[in-house]
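Just below is one structure, and these are the notes that go with it.
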Amino acid sequence: VLSKALHKCQGSHSGPRGASAAAKLKEAPIFSKVSGYGALYDSSRSNLMPSDMELAWKHDDAELYIRSATGASWFEYRLVAHIDAPLRSCLAPLHERDLIREYQPIFVEPHQDLMPPQPNHAMVRTLSRIMSLKIETIFELVRVANRDFGFLVEIARSDFPIEGISMPDLPWWGRRIEVNTRNIWMPQGGKEKGTVLISNARVGTGAPIPTSIMRFIANQLANSILSNIRKGADLAVTPGSRWHDRVKKDGDGFYKDLAAVEAAAPKRG
């Protein structure tokens, strides 16, 4: 809507009044906010570009690439995988955050929303336990559905504006890690079934870790994420499961959006 309004104001027949209206529109806080989310959406195109990450492993239905630097406190990975389930079933376990512990017991509590969530936007806190250490992540979750070509962009970032958000205290004997994840979820086109995931992620550990250990952590994390996605998708396609029931009920309209994305996919041929 804002883009159309700006284009109209800047049209060849708009004159000085149109130029003035365009300038005021660009100065509006909402324009800056929407432009920022537009840039986030555009950033997902890097998932499809060549990368200098090293191949960690390759299977028939998945590949993992990893990058880390000596003495760094971060690592990056790219996970490309085929999930034998429709898009709605892939996203249901991730969207129904209150049920997360029922199939991922590594989390010590359900994911917490730091502000009232919307179907495609949320501020989320997660808390997991690895041995005696509690690992916390706090991130903004943004999803954008492309109903023309048929795919979903999903972004989780720890670097986000915190105005108006009460940030929780870090638990005793815990570590807060930073994430910047860009996912492209794409239902297969034509007569093919299933969903393709292309996930690029950068994880900040907060402290330097030897490269060999960092690569081990990245490999374990990516494998765990893929395993949980497939496990969750299996639950969501199972009649009678709580996830399957949530998809059918579609309390916030999220799955209706995903159904529109799925409907666009066969048109790709």
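Identifiers in this document derive from the order of the structure tokens: chains are assigned A, B, ..., residues are numbered from 1 separately in each chain, and ligands are numbered from 1 in order of occurrence.
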Which of range 28-237 of chain A DSSP labels strand (DSSP E or B), written as number ranges by chain: A: 54-58, 62-67, 74-83, 107, 112-113, 118, 121-130, 133-146, 151-157, 174-187, 195-204
Writing out the chosen residues with C-alpha atoms as a PDB file, in the first residue's frame:
```pdb
ATOM      1  CA  GLU A  54      32.502 -25.826   3.141  1.00  0.00           C
ATOM      2  CA  LEU A  55      30.420 -28.939   2.535  1.00  0.00           C
ATOM      3  CA  ALA A  56      30.096 -30.838   5.824  1.00  0.00           C
ATOM      4  CA  TRP A  57      27.934 -33.694   4.542  1.00  0.00           C
ATOM      5  CA  LYS A  58      25.597 -34.569   1.710  1.00  0.00           C
ATOM      6  CA  ALA A  62      19.832 -32.902   2.427  1.00  0.00           C
ATOM      7  CA  GLU A  63      23.148 -31.015   2.404  1.00  0.00           C
ATOM      8  CA  LEU A  64      24.961 -29.061   5.110  1.00  0.00           C
ATOM      9  CA  TYR A  65      27.586 -26.361   4.600  1.00  0.00           C
ATOM     10  CA  ILE A  66      29.562 -24.728   7.439  1.00  0.00           C
ATOM     11  CA  ARG A  67      31.816 -21.708   7.894  1.00  0.00           C
ATOM     12  CA  TRP A  74      30.344 -17.340  15.791  1.00  0.00           C
ATOM     13  CA  PHE A  75      29.642 -19.916  13.113  1.00  0.00           C
ATOM     14  CA  GLU A  76      27.479 -20.016  10.014  1.00  0.00           C
ATOM     15  CA  TYR A  77      25.740 -22.842   8.248  1.00  0.00           C
ATOM     16  CA  ARG A  78      23.539 -23.446   5.233  1.00  0.00           C
ATOM     17  CA  LEU A  79      21.118 -26.344   5.391  1.00  0.00           C
ATOM     18  CA  VAL A  80      19.293 -27.452   2.242  1.00  0.00           C
ATOM     19  CA  ALA A  81      16.756 -30.231   2.734  1.00  0.00           C
ATOM     20  CA  HIS A  82      13.666 -31.861   1.330  1.00  0.00           C
ATOM     21  CA  ILE A  83      10.896 -32.461   3.858  1.00  0.00           C
ATOM     22  CA  PHE A 107      13.608 -26.956  26.070  1.00  0.00           C
ATOM     23  CA  GLN A 112       7.690 -17.257  25.626  1.00  0.00           C
ATOM     24  CA  ASP A 113       6.145 -14.421  23.609  1.00  0.00           C
ATOM     25  CA  GLN A 118       0.681 -11.899  15.267  1.00  0.00           C
ATOM     26  CA  HIS A 121       5.348 -11.563  13.600  1.00  0.00           C
ATOM     27  CA  ALA A 122       6.466 -12.306  17.148  1.00  0.00           C
ATOM     28  CA  MET A 123       9.139 -11.540  19.743  1.00  0.00           C
ATOM     29  CA  VAL A 124      10.216 -14.885  21.164  1.00  0.00           C
ATOM     30  CA  ARG A 125      12.344 -16.147  24.041  1.00  0.00           C
ATOM     31  CA  THR A 126      13.516 -19.751  24.180  1.00  0.00           C
ATOM     32  CA  LEU A 127      15.306 -21.534  27.015  1.00  0.00           C
ATOM     33  CA  SER A 128      16.983 -24.908  26.612  1.00  0.00           C
ATOM     34  CA  ARG A 129      19.303 -26.996  28.743  1.00  0.00           C
ATOM     35  CA  ILE A 130      22.502 -28.615  27.538  1.00  0.00           C
ATOM     36  CA  LEU A 133      24.056 -25.019  31.148  1.00  0.00           C
ATOM     37  CA  LYS A 134      20.925 -23.102  30.239  1.00  0.00           C
ATOM     38  CA  ILE A 135      20.959 -21.614  26.735  1.00  0.00           C
ATOM     39  CA  GLU A 136      18.695 -18.655  26.019  1.00  0.00           C
ATOM     40  CA  THR A 137      17.811 -17.039  22.698  1.00  0.00           C
ATOM     41  CA  ILE A 138      15.707 -13.935  22.193  1.00  0.00           C
ATOM     42  CA  PHE A 139      14.709 -13.057  18.657  1.00  0.00           C
ATOM     43  CA  GLU A 140      12.231 -11.284  16.445  1.00  0.00           C
ATOM     44  CA  LEU A 141      10.356 -13.673  14.173  1.00  0.00           C
ATOM     45  CA  VAL A 142       9.167 -12.336  10.809  1.00  0.00           C
ATOM     46  CA  ARG A 143       7.381 -14.356   8.131  1.00  0.00           C
ATOM     47  CA  VAL A 144       6.359 -13.191   4.649  1.00  0.00           C
ATOM     48  CA  ALA A 145       4.279 -15.380   2.342  1.00  0.00           C
ATOM     49  CA  ASN A 146       4.746 -15.029  -1.414  1.00  0.00           C
ATOM     50  CA  PHE A 151       7.195 -19.728  -0.997  1.00  0.00           C
ATOM     51  CA  LEU A 152       7.549 -18.448   2.556  1.00  0.00           C
ATOM     52  CA  VAL A 153      10.402 -16.340   3.899  1.00  0.00           C
ATOM     53  CA  GLU A 154      11.050 -16.750   7.623  1.00  0.00           C
ATOM     54  CA  ILE A 155      13.558 -14.635   9.529  1.00  0.00           C
ATOM     55  CA  ALA A 156      14.645 -14.940  13.153  1.00  0.00           C
ATOM     56  CA  ARG A 157      17.062 -12.242  14.340  1.00  0.00           C
ATOM     57  CA  GLY A 174      22.960 -19.437  31.638  1.00  0.00           C
ATOM     58  CA  ARG A 175      24.284 -18.070  28.373  1.00  0.00           C
ATOM     59  CA  ARG A 176      22.403 -15.923  25.898  1.00  0.00           C
ATOM     60  CA  ILE A 177      23.332 -16.643  22.292  1.00  0.00           C
ATOM     61  CA  GLU A 178      22.489 -14.558  19.242  1.00  0.00           C
ATOM     62  CA  VAL A 179      20.899 -15.887  16.080  1.00  0.00           C
ATOM     63  CA  ASN A 180      20.350 -14.532  12.604  1.00  0.00           C
ATOM     64  CA  THR A 181      18.465 -17.102  10.566  1.00  0.00           C
ATOM     65  CA  ARG A 182      16.931 -16.720   7.114  1.00  0.00           C
ATOM     66  CA  ASN A 183      14.735 -19.580   5.908  1.00  0.00           C
ATOM     67  CA  ILE A 184      13.091 -20.057   2.551  1.00  0.00           C
ATOM     68  CA  TRP A 185      10.315 -22.663   2.673  1.00  0.00           C
ATOM     69  CA  MET A 186       9.225 -23.685  -0.814  1.00  0.00           C
ATOM     70  CA  PRO A 187       6.572 -26.280  -1.636  1.00  0.00           C
ATOM     71  CA  THR A 195       8.700 -28.938   0.837  1.00  0.00           C
ATOM     72  CA  VAL A 196      12.231 -27.673   0.245  1.00  0.00           C
ATOM     73  CA  LEU A 197      13.966 -25.763   3.048  1.00  0.00           C
ATOM     74  CA  ILE A 198      16.950 -23.494   2.392  1.00  0.00           C
ATOM     75  CA  SER A 199      18.228 -22.204   5.720  1.00  0.00           C
ATOM     76  CA  ASN A 200      21.123 -19.799   6.235  1.00  0.00           C
ATOM     77  CA  ALA A 201      22.052 -19.113   9.845  1.00  0.00           C
ATOM     78  CA  ARG A 202      24.697 -17.255  11.819  1.00  0.00           C
ATOM     79  CA  VAL A 203      24.954 -18.138  15.507  1.00  0.00           C
ATOM     80  CA  GLY A 204      26.908 -16.021  17.981  1.00  0.00           C
TER      81      GLY A 204
END
```
Report the closest atom pair, with its distance in Å rounded to one decimal, for each residue of range 24-93 of chain A that has an atom no farther than 12 Å from range 97-102 of chain A; count only C-alpha atoms, sort by chain and then rising residue number, and write it as CSV.
```
residue,atom,partner,partner_atom,distance
A:Leu91,CA,A:Arg97,CA,10.6
A:Ala92,CA,A:Arg97,CA,8.9
A:Pro93,CA,A:Ile100,CA,7.0
```
Restricting it to N, CA, C and O atoms, dump the selection as a PDB file, in the first residue's frame.
```pdb
ATOM      1  N   LEU A  91       5.508 -26.111   9.161  1.00  0.00           N
ATOM      2  CA  LEU A  91       5.507 -24.900   9.998  1.00  0.00           C
ATOM      3  C   LEU A  91       4.687 -25.047  11.272  1.00  0.00           C
ATOM      4  O   LEU A  91       4.917 -24.310  12.239  1.00  0.00           O
ATOM      5  N   ALA A  92       3.745 -25.993  11.304  1.00  0.00           N
ATOM      6  CA  ALA A  92       2.870 -26.110  12.471  1.00  0.00           C
ATOM      7  C   ALA A  92       3.642 -26.297  13.781  1.00  0.00           C
ATOM      8  O   ALA A  92       3.366 -25.602  14.769  1.00  0.00           O
ATOM      9  N   PRO A  93       4.628 -27.205  13.860  1.00  0.00           N
ATOM     10  CA  PRO A  93       5.335 -27.369  15.129  1.00  0.00           C
ATOM     11  C   PRO A  93       6.122 -26.122  15.544  1.00  0.00           C
ATOM     12  O   PRO A  93       6.342 -25.888  16.735  1.00  0.00           O
TER      13      PRO A  93
END
```
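Relative to CA of Asn223 in chain A, CA of Ala264 in chain A is found at 29.7 Å.
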As an exercise, work out the distance from CA of Glu192 in chain A to CA of Pro266 in chain A in Å and give it to one decimal place. 8.2 Å
Enter the distance from CA of Gly240 in chain A to CA of Ala265 in chain A, in Å, rounded to one decimal. 27.2 Å
Pick from A:Thr205, A:Ser212, A:Ser158, A:Thr238 nearest to Ala85 in chain A, counting only C-alpha atoms: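 Once distances to Ala85 in chain A are computed over only C-alpha atoms, the minimum belongs to A:Thr238.
Here the question is which of A:Leu94, A:Leu114, A:Leu87, A:Leu235 gets nearest to Ala260 in chain A using only C-alpha atoms, and that residue is A:Leu87.
Distance check against Pro239 in chain A using only C-alpha atoms: of A:Ser89, A:Ile213, A:Leu226, A:Pro50, the minimum falls on A:Ser89.
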